[in-house]
Amino acid sequence: MWTRDSQAARAAQELQDGFYVNLGIGMPTLVANFIPEGVDVTLQSENGMLGMGPFPFAGEEDPDLINAGKQTITELDRTSYFSSADSFAMIRGGHVDLSILGAMEVADNGDIANWMIPGKMVKGMGGAMDLVAGVKKIIVLMEHNAKDGSAKFKRACTLPLTGRQVVDMVISDLAVLARPAKGAPFKLIELAPGVDLETLKARTEGHFEV
Amino acid sequence: MANKLYPDAAAALDGLLFDGMTIMSGGFGLCGIPENLITALRASGVKGLTCISNNAGVDGFGLGLLLETRQIARMISSYVGENKEFERQYLAGELQLEFNPQGTLAERIRAGGAGIPGFYTKTGVGTLVADGKEHKDFNGETYILETGLVADLSIVKAWKADPHGNLVFRKTARNFNPMMATAGKVTVAEVEELVPAGSLDPDHIHTPGIFVQRLFVGTNYEKRIEQRTVRQKEQA
């Protein structure tokens with residue numbers, strides 16, 4: 001099984017030199033800690049920043065400089081700032097190479113649900129629907145099973161969707177599942193250490209090829 | 001030259017407010033919000049507001065101040081997760097809420113300000129957001145129709161302005177402010193610094209003064225940070 005850090009490190013292996021990347025809030029943020037040597041990526045923050053630097057040192061926080069998770073952040077020598085409209089022109093217009101997001105459910109046709117649980121207070125989708133609709137490649141980082149043990153990679157999502165047939169790869173604590181194109185079936189790419197195929201199958205509801 | 005300069009927020013809002021009006025308010029989270037104008041709206045007592053803002057502030061700050069006093073009847077936002085009073089009013093049925101995907105919200109405002117009544121986007125296709133909206137295929141892909149947004153009043157926050165209303169924003173405090181400045185029937189800007197005409201490089205102006213009808217220099221900026229996050233020196 002992979003830890004959260006190992007999952008993030010595995011996701012970082014998908015980064016390619018020159019990529020513009022948007023990282024979602026939570027586990028996806030950890031991916032920035034594992035960018036491989038020699039791979040240069042530029043991080044986009046949908047509140048209006050390209051070229052996101054590390055967190056500031058204590059005492060150097062700037063309230064005018066935050067990321068989409070509202071955390072204080074720093075700029076780099078490549079940084080540019082822009083409006084929310086320009087930011088989503090980048091995202092919706094297909095200029096961002098990769099987005100790594102969390103999810104509550106992913107279906108084996110690539111549907112994703114990550115913004116709303118009926119009956120609970122809904123906080124809003126933020127930029128998630130724009131990201132999954134517009135970014136070239138979508139990787140989901142999530143636990144393979146929910147707290148009650150139910151599979152999160154399903155035949156069909158039960159929660160309201162964030163996007164339809166948009167996910168390209170799922171990296172869970174058990175395995176990497178991916179598909180070469182939208183519309184293609186998901187295929188097992190890699191098992192986490194100590195996880196065998198039978199275990200994976202027993203803990204998965206959605207279809208995947210081996 | 002028409003005078004756009006006002007002494008403070010209350011003076012800048014004088015004669016513009018009426019119950020039931022629609023107000024766009026700039027900012028992302030608490031970053032780049034018009035702090036002085038929000039405080040003045042609260043003091044004015046104007047109510048039944050429809051507020052268009054990416055977020056709804058937090059309890060006791062930002063638009064949270066207008067929720068406390070029940071001045072807001074309806075919000076159009078993309079994310080409102082940080083506000084307990086908001087949640088209470090919403091669950092009690094006292095507050096209407098329309099969620100828009102963040103990019104759709106930004107583009108609806110941009111379009112409204114640019115005189116574009118509607119546009120097609122693939123954001124939200126196949127989700128609840130698409131319910132009841134016109135669908136149309138372009139080049140084999142499905143899009144939905146979203147409408148432009150305008151407001152009776154836009155309140156925005158900039159870093160610097162000149163007396164003509166030319167605005168410069170600072171870092172990620174820009175966010176929704178430039179589009180909102182274009183989409184208000186009247187736009188009031190509060191700024192940290194007023195500089196003499198001619199001292200802003202015309203090539204570096206983010207919002208041209210045509211979009212700003214009134215402006216003033218704000219005071220006592222708190223610029224509250226929601227998630228103060230730092231790294232250790234040793235770690236670097």
# chains A, B, ... in the order shown; residues from 1 in each chain; ligands from 1

call {"tool": "select_by_dssp", "arguments": {"residues": "region 4-210 of chain A", "states": "helix (DSSP H, G or I)", "output": "ChimeraX atom specification"}}
result
/A:4-12,27-34,84-92,128-134,197-202

call {"tool": "write_last_selection", "arguments": {"atoms": "N, CA and C atoms", "output": "short mmCIF file (atom, residue, chain, number, x, y, z; two decimals), in the first residue's frame"}}
result
data_model
loop_
_atom_site.label_atom_id
_atom_site.label_comp_id
_atom_site.auth_asym_id
_atom_site.auth_seq_id
_atom_site.Cartn_x
_atom_site.Cartn_y
_atom_site.Cartn_z
N ARG A 4 0.07 8.50 1.70
CA ARG A 4 -0.31 9.71 0.96
C ARG A 4 0.90 10.30 0.25
N ASP A 5 2.04 10.32 0.95
CA ASP A 5 3.26 10.86 0.33
C ASP A 5 3.68 10.00 -0.86
N SER A 6 3.58 8.68 -0.71
CA SER A 6 3.96 7.79 -1.82
C SER A 6 3.02 7.98 -3.02
N GLN A 7 1.75 8.17 -2.73
CA GLN A 7 0.79 8.45 -3.81
C GLN A 7 1.17 9.74 -4.55
N ALA A 8 1.50 10.75 -3.75
CA ALA A 8 1.88 12.04 -4.34
C ALA A 8 3.16 11.87 -5.17
N ALA A 9 4.10 11.10 -4.64
CA ALA A 9 5.37 10.88 -5.35
C ALA A 9 5.11 10.12 -6.66
N ARG A 10 4.19 9.17 -6.61
CA ARG A 10 3.84 8.42 -7.82
C ARG A 10 3.20 9.35 -8.85
N ALA A 11 2.34 10.23 -8.38
CA ALA A 11 1.70 11.19 -9.30
C ALA A 11 2.76 12.10 -9.92
N ALA A 12 3.77 12.45 -9.13
CA ALA A 12 4.82 13.35 -9.63
C ALA A 12 5.58 12.73 -10.79
N MET A 27 -4.41 16.35 -0.80
CA MET A 27 -3.32 15.46 -1.20
C MET A 27 -2.60 15.93 -2.47
N PRO A 28 -3.32 16.42 -3.47
CA PRO A 28 -2.61 16.86 -4.70
C PRO A 28 -1.54 17.93 -4.43
N THR A 29 -1.75 18.75 -3.40
CA THR A 29 -0.76 19.79 -3.08
C THR A 29 0.60 19.16 -2.76
N LEU A 30 0.59 17.94 -2.20
CA LEU A 30 1.83 17.26 -1.82
C LEU A 30 2.71 16.94 -3.02
N VAL A 31 2.09 16.85 -4.21
CA VAL A 31 2.84 16.47 -5.41
C VAL A 31 4.01 17.44 -5.65
N ALA A 32 3.81 18.71 -5.26
CA ALA A 32 4.85 19.73 -5.48
C ALA A 32 6.14 19.37 -4.74
N ASN A 33 6.05 18.54 -3.68
CA ASN A 33 7.24 18.15 -2.91
C ASN A 33 8.05 17.06 -3.61
N PHE A 34 7.53 16.48 -4.68
CA PHE A 34 8.18 15.31 -5.28
C PHE A 34 8.48 15.48 -6.76
N SER A 84 -9.17 36.45 -12.74
CA SER A 84 -9.83 35.15 -12.74
C SER A 84 -10.32 34.78 -14.14
N ALA A 85 -10.72 35.77 -14.94
CA ALA A 85 -11.18 35.48 -16.30
C ALA A 85 -10.02 34.94 -17.14
N ASP A 86 -8.85 35.56 -17.04
CA ASP A 86 -7.68 35.06 -17.77
C ASP A 86 -7.25 33.69 -17.25
N SER A 87 -7.38 33.52 -15.94
CA SER A 87 -6.98 32.25 -15.34
C SER A 87 -7.80 31.10 -15.92
N PHE A 88 -9.11 31.33 -16.05
CA PHE A 88 -9.96 30.26 -16.56
C PHE A 88 -9.94 30.20 -18.09
N ALA A 89 -9.44 31.23 -18.74
CA ALA A 89 -9.14 31.10 -20.17
C ALA A 89 -8.02 30.09 -20.35
N MET A 90 -7.05 30.12 -19.46
CA MET A 90 -5.97 29.13 -19.50
C MET A 90 -6.51 27.72 -19.29
N ILE A 91 -7.41 27.62 -18.29
CA ILE A 91 -7.93 26.30 -17.89
C ILE A 91 -8.94 25.79 -18.92
N ARG A 92 -9.96 26.58 -19.19
CA ARG A 92 -11.02 26.15 -20.10
C ARG A 92 -10.53 26.05 -21.52
N ALA A 128 -13.41 23.33 -9.76
CA ALA A 128 -13.22 21.92 -10.14
C ALA A 128 -13.90 21.56 -11.47
N MET A 129 -15.11 22.07 -11.70
CA MET A 129 -15.81 21.73 -12.95
C MET A 129 -15.10 22.30 -14.17
N ASP A 130 -14.52 23.48 -14.01
CA ASP A 130 -13.77 24.10 -15.11
C ASP A 130 -12.50 23.32 -15.39
N LEU A 131 -11.83 22.89 -14.31
CA LEU A 131 -10.57 22.16 -14.48
C LEU A 131 -10.80 20.84 -15.21
N VAL A 132 -11.79 20.04 -14.76
CA VAL A 132 -11.98 18.73 -15.39
C VAL A 132 -12.49 18.88 -16.83
N ALA A 133 -13.19 19.97 -17.12
CA ALA A 133 -13.71 20.17 -18.48
C ALA A 133 -12.64 20.68 -19.43
N GLY A 134 -11.64 21.40 -18.91
CA GLY A 134 -10.75 22.11 -19.81
C GLY A 134 -9.31 21.66 -19.86
N LEU A 197 -3.33 -8.63 -7.13
CA LEU A 197 -4.45 -8.37 -8.03
C LEU A 197 -5.78 -8.78 -7.40
N GLU A 198 -5.78 -9.91 -6.67
CA GLU A 198 -7.02 -10.38 -6.04
C GLU A 198 -7.54 -9.35 -5.03
N THR A 199 -6.62 -8.81 -4.23
CA THR A 199 -7.00 -7.78 -3.24
C THR A 199 -7.59 -6.57 -3.96
N LEU A 200 -6.90 -6.14 -5.02
CA LEU A 200 -7.37 -4.97 -5.75
C LEU A 200 -8.77 -5.20 -6.31
N LYS A 201 -8.96 -6.37 -6.91
CA LYS A 201 -10.26 -6.67 -7.50
C LYS A 201 -11.35 -6.71 -6.43
N ALA A 202 -11.01 -7.29 -5.28
CA ALA A 202 -12.00 -7.40 -4.21
C ALA A 202 -12.40 -6.03 -3.68
#

call {"tool": "interface_residues", "arguments": {"of": "chain B", "to": "chain A", "cutoff": "8 Å", "atoms": "only C-alpha atoms", "output": "PyMOL selection string"}}
result
chain B and resi 28-29+31-32+77-81+87+91+99-104+106-107+110+122-128+170-179+223-233

call {"tool": "select_by_dssp", "arguments": {"residues": "region 79-133 of chain A", "states": "strand (DSSP E or B)", "output": "list in words"}}
result
Thr79, Ser80, Tyr81, Leu98, Ser99, Ile100, Leu101, Glu105, Val106, Ala107, Ile112 and Ala113 of chain A
